[in-house]
Every structure is written in C-alpha cells, then in structure tokens.
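J.: Got a file for you: work-v7.cif, mmCIF, C-alpha atoms and all ligand atoms.
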data_run
#
loop_
_atom_site.label_atom_id
_atom_site.label_comp_id
_atom_site.auth_asym_id
_atom_site.auth_seq_id
_atom_site.Cartn_x
_atom_site.Cartn_y
_atom_site.Cartn_z
CA MET N 111 36.62 3.30 21.19
CA LYS N 112 33.98 4.02 18.52
CA GLY N 113 30.45 2.61 18.70
CA LEU N 114 29.33 1.10 15.41
CA CYS N 115 25.83 0.56 14.04
CA ILE N 116 25.54 -1.57 10.90
CA LEU N 117 22.36 -1.10 8.88
CA GLY N 118 22.14 -4.14 6.61
CA ALA N 119 24.48 -6.33 8.67
CA THR N 120 23.52 -9.58 6.92
CA GLY N 121 24.42 -8.28 3.45
CA SER N 122 27.65 -8.36 1.52
CA ILE N 123 28.84 -4.95 2.78
CA GLY N 124 27.54 -5.66 6.30
CA VAL N 125 29.49 -8.90 6.60
CA ASN N 126 32.66 -7.27 5.25
CA THR N 127 32.25 -4.45 7.78
CA LEU N 128 31.96 -6.93 10.63
CA ASP N 129 35.06 -8.66 9.34
CA VAL N 130 37.14 -5.46 9.35
CA ALA N 131 35.76 -4.08 12.64
CA SER N 132 36.29 -7.35 14.50
CA ARG N 133 39.99 -7.27 13.58
CA HIS N 134 40.22 -4.18 15.83
CA PRO N 135 38.26 -4.89 19.02
CA ASP N 136 40.27 -2.15 20.75
CA LYS N 137 38.93 0.45 18.30
CA TYR N 138 35.34 -0.52 17.44
CA LYS N 139 32.45 -1.74 19.53
CA ILE N 140 29.51 -3.27 17.64
CA VAL N 141 26.48 -1.54 19.18
CA ALA N 142 23.68 -2.40 16.78
CA LEU N 143 22.95 -4.68 13.83
CA SER N 144 19.99 -4.87 11.43
CA ALA N 145 18.58 -7.26 8.85
CA ASN N 146 15.53 -7.21 6.63
CA SER N 147 14.01 -10.66 7.19
CA GLN N 148 16.77 -13.16 7.94
CA VAL N 149 16.05 -13.68 11.64
CA GLU N 150 18.31 -16.71 12.07
CA ARG N 151 21.24 -15.03 10.39
CA LEU N 152 20.73 -11.96 12.57
CA VAL N 153 20.67 -14.08 15.72
CA GLU N 154 23.91 -15.80 14.61
CA LEU N 155 25.52 -12.38 14.24
CA CYS N 156 24.24 -11.41 17.70
CA ILE N 157 25.87 -14.50 19.20
CA LYS N 158 29.14 -13.76 17.45
CA TYR N 159 29.35 -9.97 17.93
CA GLN N 160 27.28 -9.33 21.09
CA PRO N 161 25.66 -6.01 20.09
CA GLU N 162 23.26 -4.13 22.40
CA TYR N 163 20.52 -3.94 19.76
CA ALA N 164 19.25 -6.07 16.89
CA VAL N 165 16.64 -4.72 14.48
CA ILE N 166 14.56 -6.76 12.09
CA ALA N 167 13.07 -4.46 9.46
CA ASP N 168 10.08 -6.70 8.80
CA GLU N 169 7.79 -5.97 11.75
CA ASN N 170 6.01 -9.31 11.44
CA LEU N 171 9.24 -11.03 12.43
CA LEU N 172 9.85 -9.16 15.69
CA GLU N 173 8.19 -11.83 17.80
CA ASP N 174 10.28 -14.51 16.15
CA LEU N 175 13.47 -12.51 16.77
CA GLU N 176 12.56 -11.97 20.44
CA LYS N 177 11.81 -15.65 20.86
CA GLN N 178 15.08 -16.77 19.32
CA LEU N 179 17.10 -14.31 21.42
CA ASN N 180 15.21 -15.45 24.51
CA ASN N 181 16.00 -19.10 23.76
CA ILE N 182 19.71 -18.37 24.00
CA ASN N 183 19.30 -16.15 27.09
CA SER N 184 20.56 -13.20 25.12
CA SER N 185 20.31 -9.69 26.55
CA VAL N 186 20.32 -8.12 23.07
CA LYS N 187 17.37 -5.71 22.74
CA ALA N 188 15.16 -6.49 19.74
CA LEU N 189 13.44 -3.75 17.72
CA SER N 190 11.72 -3.67 14.34
CA GLY N 191 10.56 -1.54 11.44
CA ILE N 192 11.75 1.80 10.13
CA GLU N 193 11.46 3.24 13.66
CA GLY N 194 13.78 0.54 14.96
CA LEU N 195 16.30 1.32 12.22
CA GLU N 196 16.07 5.06 12.90
CA THR N 197 16.51 4.42 16.62
CA ILE N 198 19.74 2.46 16.27
CA ALA N 199 21.14 4.96 13.73
CA SER N 200 20.67 7.74 16.32
CA LEU N 201 21.75 6.06 19.59
CA PRO N 202 24.08 8.26 21.67
CA GLN N 203 26.56 5.39 22.07
CA VAL N 204 26.79 5.03 18.27
CA ASP N 205 29.55 7.10 16.66
CA TYR N 206 29.68 5.49 13.22
CA VAL N 207 26.78 4.23 11.10
CA MET N 208 27.46 1.88 8.21
CA ALA N 209 24.60 2.53 5.76
CA ALA N 210 24.51 -0.80 3.91
CA ILE N 211 20.81 -1.42 3.34
CA VAL N 212 20.13 -1.91 -0.35
CA GLY N 213 17.80 0.52 -2.15
CA ALA N 214 15.29 3.16 -1.10
CA ALA N 215 14.60 1.28 2.15
CA GLY N 216 17.86 2.73 3.50
CA LEU N 217 16.90 6.36 3.02
CA LYS N 218 15.13 7.14 6.30
CA PRO N 219 17.57 5.41 8.65
CA THR N 220 20.53 6.94 6.82
CA LEU N 221 18.93 10.38 7.10
CA ALA N 222 18.41 9.70 10.81
CA ALA N 223 22.16 9.09 11.13
CA ALA N 224 22.82 12.42 9.36
CA ARG N 225 20.41 14.26 11.65
CA SER N 226 22.15 12.80 14.70
CA GLY N 227 25.53 14.03 13.49
CA LYS N 228 27.13 10.60 13.09
CA ARG N 229 30.00 9.57 10.86
CA ILE N 230 28.12 7.92 7.99
CA LEU N 231 29.90 5.23 6.02
CA LEU N 232 27.76 5.39 2.91
CA ALA N 233 27.37 2.24 0.83
CA ASN N 234 23.62 2.74 0.22
CA LYS N 235 24.06 4.92 -2.88
CA GLU N 236 20.34 4.79 -3.67
CA ALA N 237 19.63 6.97 -0.59
CA LEU N 238 21.87 9.73 -1.91
CA VAL N 239 20.61 9.36 -5.48
CA MET N 240 17.04 9.85 -4.28
CA SER N 241 17.48 12.70 -1.87
CA GLY N 242 20.83 14.34 -2.85
CA GLN N 243 20.30 17.95 -1.78
CA ILE N 244 18.29 17.14 1.35
CA PHE N 245 20.80 14.54 2.44
CA MET N 246 23.84 16.77 1.90
CA ASP N 247 22.08 19.65 3.71
CA GLU N 248 21.31 17.45 6.72
CA VAL N 249 24.92 16.27 6.87
CA LYS N 250 26.16 19.86 6.87
CA LYS N 251 23.56 21.24 9.25
CA ASN N 252 24.18 18.54 11.85
CA ASN N 253 27.97 18.34 11.50
CA ALA N 254 27.75 14.74 10.40
CA GLU N 255 30.67 13.22 8.50
CA LEU N 256 30.07 11.49 5.19
CA LEU N 257 32.64 8.96 4.00
CA PRO N 258 32.02 7.05 0.78
CA ILE N 259 32.21 3.26 0.82
CA ASP N 260 31.47 2.77 -2.87
CA SER N 261 34.96 1.80 -4.05
CA GLU N 262 35.04 4.43 -6.81
CA HIS N 263 33.94 7.29 -4.57
CA ASN N 264 36.23 6.15 -1.81
CA ALA N 265 39.08 6.16 -4.36
CA ILE N 266 38.13 9.66 -5.56
CA PHE N 267 37.96 10.86 -1.96
CA GLN N 268 41.46 9.50 -1.40
CA CYS N 269 42.75 11.32 -4.52
CA LEU N 270 41.18 14.69 -3.68
CA PRO N 271 43.00 17.43 -1.78
CA GLU N 272 41.96 18.02 1.84
CA HIS N 273 39.87 21.16 1.19
CA TYR N 274 38.13 20.10 -2.02
CA ASP N 275 34.85 21.42 -0.62
CA LYS N 276 35.91 24.93 -1.70
CA GLY N 277 35.09 23.66 -5.23
CA LEU N 278 36.72 21.22 -7.62
CA ALA N 279 37.82 23.90 -10.13
CA GLU N 280 39.19 26.06 -7.29
CA SER N 281 41.22 23.04 -6.18
CA GLY N 282 42.76 22.68 -9.64
CA ILE N 283 40.68 19.65 -10.57
CA THR N 284 39.65 19.30 -14.21
CA LYS N 285 37.93 15.94 -14.17
CA ILE N 286 36.84 12.99 -12.10
CA LEU N 287 37.63 9.75 -13.90
CA LEU N 288 35.05 7.24 -12.66
CA THR N 289 36.17 3.73 -13.51
CA GLY N 290 33.93 0.71 -14.04
CA SER N 291 34.66 -2.83 -15.08
CA GLY N 292 31.87 -2.87 -17.66
CA GLY N 293 30.27 -5.83 -15.87
CA PRO N 294 29.81 -9.35 -17.19
CA PHE N 295 28.38 -8.31 -20.59
CA ARG N 296 30.95 -5.79 -21.78
CA THR N 297 31.90 -7.84 -24.81
CA LYS N 298 28.93 -10.18 -25.26
CA ALA N 299 27.00 -9.83 -28.55
CA ILE N 300 23.98 -7.59 -27.97
CA SER N 301 21.79 -10.21 -29.66
CA GLU N 302 22.70 -12.64 -26.88
CA LEU N 303 21.64 -10.26 -24.12
CA SER N 304 17.90 -10.83 -24.52
CA ASP N 305 17.94 -14.25 -22.86
CA ILE N 306 20.28 -13.48 -19.98
CA THR N 307 19.26 -15.24 -16.75
CA PRO N 308 19.50 -13.69 -13.25
CA ASN N 309 22.41 -15.97 -12.37
CA GLN N 310 24.34 -14.93 -15.47
CA ALA N 311 23.72 -11.27 -14.69
CA CYS N 312 24.86 -11.74 -11.08
CA ALA N 313 28.14 -13.42 -12.02
CA HIS N 314 30.33 -10.32 -11.88
CA PRO N 315 33.85 -10.91 -13.21
CA ASN N 316 35.68 -9.08 -10.37
CA TRP N 317 33.39 -8.31 -7.43
CA SER N 318 31.21 -10.46 -5.19
CA MET N 319 28.15 -8.40 -4.20
CA GLY N 320 24.44 -8.51 -3.40
CA ARG N 321 22.09 -9.44 -6.25
CA LYS N 322 20.55 -6.02 -6.87
CA ILE N 323 23.86 -4.20 -7.31
CA SER N 324 25.15 -7.13 -9.40
CA VAL N 325 22.30 -6.67 -11.89
CA ASP N 326 22.90 -2.90 -11.81
CA SER N 327 26.52 -3.60 -12.73
CA ALA N 328 25.43 -5.77 -15.65
CA THR N 329 23.13 -3.03 -17.04
CA MET N 330 25.64 -0.37 -15.96
CA MET N 331 22.84 1.41 -14.09
CA ASN N 332 25.27 1.04 -11.21
CA LYS N 333 27.73 3.35 -12.96
CA GLY N 334 24.85 5.71 -13.74
CA LEU N 335 23.83 5.80 -10.08
CA GLU N 336 27.50 6.37 -9.25
CA ILE N 337 27.66 9.42 -11.56
CA ILE N 338 24.74 10.88 -9.58
CA GLU N 339 26.37 9.85 -6.30
CA ALA N 340 29.62 11.59 -7.32
CA CYS N 341 27.75 14.77 -8.28
CA TRP N 342 26.37 15.06 -4.75
CA LEU N 343 29.41 13.87 -2.82
CA PHE N 344 31.86 16.10 -4.65
CA ASN N 345 29.53 19.00 -5.51
CA THR N 346 29.94 18.73 -9.27
CA ASN N 347 27.96 17.84 -12.44
CA PRO N 348 28.17 15.15 -15.13
CA ASP N 349 30.27 17.42 -17.41
CA ASN N 350 33.14 16.98 -14.95
CA ILE N 351 32.83 13.21 -14.71
CA GLN N 352 34.20 10.83 -17.31
CA VAL N 353 33.29 7.16 -17.08
CA VAL N 354 36.32 5.01 -17.95
CA ILE N 355 35.88 1.31 -18.57
CA HIS N 356 38.72 -0.55 -16.90
CA PRO N 357 38.03 -4.29 -17.02
CA GLN N 358 40.62 -5.33 -14.41
CA SER N 359 39.07 -3.28 -11.53
CA VAL N 360 42.50 -2.52 -10.08
CA ILE N 361 42.28 1.26 -10.39
CA HIS N 362 39.16 2.21 -8.44
CA SER N 363 38.93 5.74 -9.89
CA MET N 364 41.09 8.78 -10.60
CA VAL N 365 41.23 12.56 -10.30
CA GLN N 366 42.75 14.69 -13.05
CA TYR N 367 44.38 18.02 -12.16
CA SER N 368 45.05 21.17 -14.22
CA ASP N 369 48.82 20.60 -14.24
CA GLY N 370 48.39 17.29 -16.04
CA SER N 371 48.66 15.08 -12.95
CA VAL N 372 46.26 12.18 -12.65
CA LEU N 373 46.00 10.63 -9.19
CA ALA N 374 44.62 7.11 -8.90
CA GLN N 375 43.84 4.74 -6.06
CA LEU N 376 44.67 1.10 -6.74
CA GLY N 377 43.87 -2.03 -4.81
CA GLN N 378 42.34 -5.47 -4.85
CA PRO N 379 38.64 -5.56 -5.75
CA ASP N 380 37.80 -6.18 -2.08
CA MET N 381 35.34 -3.89 -0.28
CA ARG N 382 37.23 -4.29 2.98
CA THR N 383 39.72 -1.67 1.73
CA PRO N 384 37.22 1.21 1.42
CA ILE N 385 35.45 -0.01 4.58
CA ALA N 386 38.70 0.05 6.58
CA HIS N 387 39.59 3.42 5.08
CA ALA N 388 36.28 4.99 6.10
CA LEU N 389 36.29 3.38 9.55
CA SER N 390 39.76 4.61 10.45
CA TRP N 391 40.04 7.84 8.42
CA PRO N 392 42.26 9.83 8.59
CA GLU N 393 44.34 6.97 9.96
CA ARG N 394 44.93 3.57 8.34
CA ILE N 395 44.22 0.14 9.75
CA GLU N 396 44.76 -3.42 8.64
CA SER N 397 41.79 -4.72 6.64
CA GLY N 398 42.60 -8.34 5.88
CA VAL N 399 42.87 -7.56 2.17
CA GLU N 400 45.54 -9.36 0.19
CA LYS N 401 48.38 -7.12 -1.00
CA LEU N 402 48.24 -6.02 -4.62
CA ASP N 403 50.69 -7.90 -6.83
CA LEU N 404 51.36 -5.60 -9.80
CA PHE N 405 53.50 -8.23 -11.54
CA ALA N 406 50.64 -10.71 -11.41
CA ILE N 407 48.27 -8.08 -12.84
CA ALA N 408 50.85 -7.06 -15.47
CA LYS N 409 48.42 -5.11 -17.64
CA LEU N 410 45.79 -2.41 -17.13
CA GLU N 411 43.33 -1.58 -19.91
CA PHE N 412 40.98 1.34 -20.56
CA GLU N 413 38.04 1.78 -22.94
CA LYS N 414 35.36 4.35 -23.63
CA PRO N 415 31.90 3.41 -22.30
CA ASP N 416 29.39 2.18 -24.88
CA TYR N 417 26.19 4.22 -24.41
CA GLU N 418 24.33 2.18 -27.05
CA ARG N 419 24.92 -1.07 -25.27
CA PHE N 420 24.24 0.45 -21.85
CA PRO N 421 21.31 2.91 -22.16
CA CYS N 422 21.03 3.07 -18.35
CA LEU N 423 24.16 5.24 -18.32
CA ARG N 424 22.42 7.81 -20.50
CA LEU N 425 19.18 7.62 -18.50
CA ALA N 426 21.00 8.25 -15.23
CA GLU N 427 22.94 11.19 -16.68
CA GLU N 428 19.76 12.70 -18.10
CA SER N 429 17.99 12.36 -14.77
CA ILE N 430 20.66 14.19 -12.76
CA ARG N 431 20.82 16.94 -15.40
CA LYS N 432 17.07 17.30 -15.09
CA GLY N 433 17.39 17.29 -11.31
CA GLY N 434 14.56 17.52 -8.79
CA THR N 435 12.83 14.20 -8.25
CA ALA N 436 13.96 12.72 -11.61
CA PRO N 437 16.80 10.65 -10.05
CA ALA N 438 14.37 9.31 -7.42
CA ILE N 439 11.99 8.23 -10.21
CA LEU N 440 14.87 6.62 -12.12
CA ASN N 441 15.97 4.78 -9.00
CA ALA N 442 12.50 3.55 -8.06
CA ALA N 443 11.71 2.30 -11.57
CA ASN N 444 15.07 0.55 -11.66
CA GLU N 445 14.50 -1.14 -8.29
CA VAL N 446 11.14 -2.49 -9.45
CA ALA N 447 12.49 -3.60 -12.85
CA VAL N 448 15.54 -5.32 -11.32
CA ALA N 449 13.36 -7.13 -8.75
CA SER N 450 11.10 -8.37 -11.59
CA PHE N 451 14.09 -9.50 -13.58
CA LEU N 452 15.52 -11.37 -10.56
CA ASP N 453 12.09 -12.94 -10.17
CA ASN N 454 12.20 -14.14 -13.81
CA LYS N 455 9.30 -11.86 -14.69
CA LEU N 456 11.11 -9.40 -16.93
CA LYS N 457 13.76 -9.74 -19.59
CA PHE N 458 17.20 -8.32 -18.98
CA LEU N 459 17.05 -5.80 -21.83
CA ASP N 460 13.65 -4.59 -20.66
CA ILE N 461 15.09 -3.16 -17.44
CA ALA N 462 16.32 -0.06 -19.31
CA TYR N 463 13.05 0.09 -21.26
CA ILE N 464 10.96 0.15 -18.06
CA VAL N 465 13.14 2.86 -16.51
CA GLU N 466 13.00 5.00 -19.67
CA GLN N 467 9.21 4.67 -20.03
CA THR N 468 8.61 5.45 -16.36
CA LEU N 469 10.69 8.61 -16.67
CA LYS N 470 8.74 9.55 -19.82
CA ASN N 471 5.32 8.90 -18.30
CA LEU N 472 5.83 10.62 -14.94
CA PRO N 473 6.53 14.31 -14.53
CA SER N 474 9.28 15.01 -12.02
CA ARG N 475 9.33 18.02 -9.71
CA ALA N 476 12.08 20.61 -9.81
CA ALA N 477 12.47 21.42 -6.12
CA TYR N 478 11.51 18.83 -3.60
CA SER N 479 10.86 17.95 0.00
CA LEU N 480 11.36 14.53 1.54
CA ASN N 481 7.61 13.90 1.26
CA GLU N 482 7.62 14.75 -2.43
CA ILE N 483 10.54 12.41 -3.03
CA LEU N 484 8.72 9.59 -1.26
CA GLU N 485 5.52 10.36 -3.20
CA ASP N 486 7.34 10.32 -6.55
CA ASP N 487 9.21 7.17 -5.52
CA LEU N 488 5.86 5.49 -4.87
CA SER N 489 4.27 6.74 -8.12
CA ALA N 490 7.30 5.52 -10.07
CA ARG N 491 7.02 2.08 -8.49
CA LYS N 492 3.34 1.84 -9.44
CA GLU N 493 4.02 3.09 -12.97
CA ALA N 494 6.91 0.66 -13.45
CA GLU N 495 4.80 -2.24 -12.18
CA GLN N 496 2.03 -1.33 -14.60
CA LEU N 497 4.49 -1.10 -17.49
CA ILE N 498 5.97 -4.48 -16.58
CA LYS N 499 2.51 -6.04 -16.58
CA LEU N 500 1.81 -4.63 -20.05
CA ARG N 501 5.23 -5.70 -21.29
CA VAL N 502 4.72 -9.26 -20.06
CA GLU N 503 1.27 -9.42 -21.69
CA GLU N 504 2.85 -8.39 -25.01
CA PHE N 505 4.78 -11.69 -25.07
P1 LIG N 601 22.95 -7.22 -0.01
O1 LIG N 601 21.72 -7.56 -0.76
O2 LIG N 601 24.03 -8.22 0.12
O3 LIG N 601 22.54 -6.75 1.48
C1 LIG N 601 21.51 -5.85 1.70
C2 LIG N 601 21.24 -5.66 3.18
O4 LIG N 601 20.11 -4.80 3.32
C3 LIG N 601 20.88 -6.96 3.92
O5 LIG N 601 21.39 -6.91 5.23
C4 LIG N 601 19.35 -6.94 3.96
O6 LIG N 601 18.84 -7.64 5.07
C5 LIG N 601 19.08 -5.45 4.08
N1 LIG N 601 17.79 -5.09 3.50
C6 LIG N 601 17.32 -5.43 2.27
N2 LIG N 601 16.08 -4.90 2.07
C7 LIG N 601 15.78 -4.21 3.20
C8 LIG N 601 14.63 -3.47 3.61
N3 LIG N 601 13.56 -3.34 2.84
N4 LIG N 601 14.66 -2.90 4.84
C9 LIG N 601 15.74 -3.02 5.65
N5 LIG N 601 16.84 -3.72 5.32
C10 LIG N 601 16.86 -4.31 4.10
O7 LIG N 601 23.49 -5.86 -0.67
P2 LIG N 601 25.00 -5.31 -0.69
O8 LIG N 601 25.70 -5.82 -1.87
O9 LIG N 601 25.62 -5.47 0.66
O10 LIG N 601 24.73 -3.77 -0.97
C11 LIG N 601 24.26 -2.90 0.03
C12 LIG N 601 24.38 -1.46 -0.47
O11 LIG N 601 25.76 -1.18 -0.69
C13 LIG N 601 23.69 -1.22 -1.81
O12 LIG N 601 23.14 0.07 -1.81
C14 LIG N 601 24.81 -1.30 -2.82
O13 LIG N 601 24.57 -0.53 -3.97
C15 LIG N 601 25.97 -0.73 -2.03
N6 LIG N 601 27.28 -1.20 -2.48
C16 LIG N 601 27.60 -2.53 -2.40
C17 LIG N 601 28.84 -2.97 -2.85
C18 LIG N 601 29.24 -4.43 -2.73
O14 LIG N 601 30.37 -4.76 -3.03
N7 LIG N 601 28.38 -5.32 -2.30
C19 LIG N 601 29.74 -2.06 -3.40
C20 LIG N 601 29.39 -0.73 -3.47
C21 LIG N 601 28.15 -0.30 -3.00
MG MG N 602 31.00 1.06 -7.03
#
Here is the file; what I need is its structure written in the form of structure tokens.
Ligand code: NAD
Ligand code: MG
T.:
Amino acid sequence: MKGLCILGATGSIGVNTLDVASRHPDKYKIVALSANSQVERLVELCIKYQPEYAVIADENLLEDLEKQLNNINSSVKALSGIEGLETIASLPQVDYVMAAIVGAAGLKPTLAAARSGKRILLANKEALVMSGQIFMDEVKKNNAELLPIDSEHNAIFQCLPEHYDKGLAESGITKILLTGSGGPFRTKAISELSDITPNQACAHPNWSMGRKISVDSATMMNKGLEIIEACWLFNTNPDNIQVVIHPQSVIHSMVQYSDGSVLAQLGQPDMRTPIAHALSWPERIESGVEKLDLFAIAKLEFEKPDYERFPCLRLAEESIRKGGTAPAILNAANEVAVASFLDNKLKFLDIAYIVEQTLKNLPSRAAYSLNEILEDDLSARKEAEQLIKLRVEEF
C-alpha cells in the first residue's frame, strides 16, 4: 500500500489523479490533499476520499476550512500555507507526491518532497523550469524518484532504455522528438490573433486542462517550458530536442536511435494514462482511459513548428541556452503576463512581448542558489507588471 499526497488536488491533474488512485484502493491510500483557495471543493474531496490531512494554501482560509470540517465531524487535520504544503509533502506515511500545483507556487513543496526522498509524480513543470539543477541535485542526493506526468515527458521516459542516465548519446539516442498539437491557433491567420479572448485561448482542440497551461498551449510557451523540462529530466540540451507539431495528439512524443529506430508512445489525449503509469511504474494498472481506436484515427500528421507565429518557443530555447536564472525569469514573466491576459488586462499577442522585454531588461545570474532564483522570480514579476502597465497605457 502506497501513501499518496496530492498537491493541487482540486485542479485538472489533481482530480484525474484521484480518479486513477481510487480505482485501486488496495494499492493507494490518499493521505493528504491540498487546494489554493477552494475550501468547499477541498472539503468535498475530504468527504469522498477521507485523507488524514487537508491543506489550504491561502492562510486566511484556514479558519474557514477548520470550521467546515468541524461541521461534518471530520477528523481530517487542517493545515495552511507553504509550511502546510511542505509538511504534507514530507510526511513519513507519504510514499508518493503528486506535484500538481500550477506555477512557481509549487516549487517549495515539490522540493520538500525531493528532500524527503519521495517518489515525485511531476506535473508542475514550472518548478523544474525554475530550479532545474537544484531540483535534480536534491532528487539525486536524497534518493527520491522523479517520474514525469507531462504526457510528452512520460512518453519519452517510456521510450528510453532503462539506463539512459549514463547519457543519451551513450545509449544510442540521437534525438528526442517532442510532439505538440500546436494548440488552438495553429492555422488561424496571425492578423486574427490580436483580439483573441481568454475563452478562445483556453479552448484546446484535444486536451482539457487548467486555464494557465491552456493559454501556454495557445502561445506554445507550454512547448517551450517542455523543452526546458526535457533538458533537465533527460540531461540533454535543446540541440538534441526537435519539436514536432502533431495536431492529432495521439503520439505523445518519440525517441530516435542511432540505428534508425524511432520509438513512440501512443494513446488517447487523457492524462490518466501518464498518471497511472507513474503511479504504478514499473508495473501497469488500469486507468479508466478509453482504448485507442487506430481505425477511427486513421491519419497522423506532422509539421515543423512555426517560430514566427510562436515566439515563445524561441524565448524558452534562448533562456535554457543562457542558463542560470534566465528560465526562472522567463517563467515568472510568463505567469504574470498570462494572469493579466486571463484577467482581460493584456492582449494575447502581448504575452510574448512582455516575456521578451522582461528577459531583456533583467540580467540573469549564471550560477544560482534557491534564494537567488526566488529573488529573480520576484524581480521578473515586478518588471513584467510594470511593462504591462506601460503597455496598457499605450492603448
Ligand atoms: P489547475 O489550474 O486545474 O489546478 C491547479 C491546482 O493548483 C489547483 O488545485 C489549485 O488549487 C492549486 N493552486 C493554484 N495556485 C496555487 C497556489 N498559489 N498555491 C497552492 N496551490 C495552488 O491546473 P492543472 O491543469 O491541473 O495543471 C497543474 C500543473 O500540471 C501545471 O504545472 C501544468 O503545467 C501541469 N500539467 C497539466 C496538464 C493537464 O492536462 N492539465 C498536463 C501537463 C502538465
Ligand atoms: Mg505536455
């Protein structure tokens, strides 16, 4: 029996994780759940899954959470804040931590899971993008296990040989082929992109996801973040990663070998597959995902990515080549710009502009500590907010 902590239990990945885990009550025990501010939703999950702990990240809502749990005579222990999240990620009775908080907010609790030597099911790509080296070092030092949930990275992991950590070239690997659907605006006229609304941007053709990652998919910053994520997970660099646009989202990524073989992982665009894979690895469990019907799909297509249309791809690649705190600055500026766009305060095409200007205006540091990352993350947020204010005044 494995004890499971879900950071970000009320989100899209969190709910899918609960769905898979609850199909196997003999294998997984839900020990702890967290949410940002949705107290009622968190209490509903407590009633349904009976964890030992529930954490509300917003400290002002702790009293409310306690009251609601009290009202139903629940014995679930309520905690709050970053400390609460770090506590549940490190509990001795927790074996697996699903890191499914969105954005930089997930960094500290995910690092806490690494430091406590847990199996980390990593959906929160922003944490790895920000702190790559530190995160990977903590995983190694503390004998934690890191299993990718991002469908592409999970697919790559499945296509890699067992001992790929001796080096990709040494394992006969010539390229990682990172697929992406191209999002909802792959073929839309660029002139029409300026007036895109948040709901249009969040209407992904193949995947149902949280709003931030949906906007990232529309700008293709998501694929950029995934290039950075792949560099850290598989100890490689952007020269060895080729983005392949594959509009059907049936192939979730591929690995090309020196003998000409290309291994791919295929499946429905349903996150329960990578979640089930990472929960049960190296075994396989039922996930509730519909079987793939190749005859219904009939056709798979591939295109080169369009770097003109999607400047975020270039910005992300540049930032990982630069290294140091540059990816953390990119990520922070993007989080602020996406939040403004979702709040109808910034135009869709200006997201890339804000990220690019923030990277231009702020120097990054070559080597870094966690404190320096958090400092540069904060400076980038302030800079991006300032730039957004100026941009809005221009119109
Ligand atoms: P979501 O918005 O649906 O859920 C986010 C979760 O994080 C919620 O439980 C929310 O309460 C919590 N949260 C938000 N802000 C927080 C804060 N400041 N402090 C603590 N908790 C906070 O997002 P999602 O789509 O489930 O994505 C979660 C992560 O997984 C993201 O990093 C995303 O990039 C990654 N991911 C998601 C998918 C997908 O299909 N949804 C696929 C691949 C990767
Ligand atoms: Mg992905």
J.: Taking only C-alpha atoms into account, name the residue in N:Thr307, N:Tyr159, N:Arg229, N:Asn350 that is nearest to Ile283 in chain N.
T.: N:Asn350
J.: How would you write as a ChimeraX atom specification the residues that get within 9 Å of (11.8, 6.3, -6.4) in the file's frame, counting all atoms listed in the file?
T.: /N:214,240,435-445,483-491
J.: Using only C-alpha atoms and all ligand atoms, what are the residues with an atom within 6 Å of ligand LIG 601 (chain N), set out as a list of chain:residue names?
T.: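 Result of the 6 Å neighbour search around ligand LIG 601 (chain N): N:Gly118, N:Ala119, N:Thr120, N:Gly121, N:Ser122, N:Ile123, N:Gly124, N:Ala145, N:Asn146, N:Ala167, N:Ala210, N:Ile211, N:Val212, N:Gly213, N:Ala215, N:Ala233, N:Asn234, N:Lys235, N:Glu236, N:Asp260, N:Met319, N:Gly320, N:Arg321, N:Ile323, N:Met381.
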J.: Neighbouring residues of range 174-185 of chain N were defined as those with any atom within 9 Å, considering all atoms listed in the file; residues of the same chain fewer than 5 positions away were excluded. Please report them as number ranges by chain.
T.: N: 149-150, 152-153, 156-157, 160, 162-166
J.: At a cut-off of 9 Å, can you tabulate as CSV every residue of chain N near ligand MG 602 (chain N) together with its closest atom pair and the distance in Å to one decimal, using all atoms listed in the file and ordering rows by chain then number?
T.:
residue,atom,partner,partner_atom,distance
N:Ala233,CA,N:MG602,MG,8.7
N:Lys235,CA,N:MG602,MG,9.0
N:Ile259,CA,N:MG602,MG,8.2
N:Asp260,CA,N:MG602,MG,4.5
N:Ser261,CA,N:MG602,MG,5.0
N:Glu262,CA,N:MG602,MG,5.3
N:His263,CA,N:MG602,MG,7.3
N:Asn264,CA,N:MG602,MG,9.0
N:Thr289,CA,N:MG602,MG,8.7
N:Gly290,CA,N:MG602,MG,7.6
N:Ile323,CA,N:MG602,MG,8.9
N:Ser327,CA,N:MG602,MG,8.6
N:Asn332,CA,N:MG602,MG,7.1
N:Lys333,CA,N:MG602,MG,7.1
N:Glu336,CA,N:MG602,MG,6.7
N:His362,CA,N:MG602,MG,8.4
J.: I'd like the neighbourhood of Asn170 in chain N as a ChimeraX atom specification, where a residue qualifies if any of its atoms comes within 10 Å (using all atoms listed in the file), though same-chain residues fewer than 5 positions away should be ignored.
T.: /N:147,175,190-191
J.: Find the spatial neighbours of Phe344 in chain N, counting all atoms listed in the file, within a cut-off of 12 Å - ignore same-chain residues fewer than 5 positions away - and output them as a PyMOL selection string.
T.: chain N and resi 242+246+256-258+263-264+266-267+269-271+273-279+281+283+285-286+336-339+350-351+365
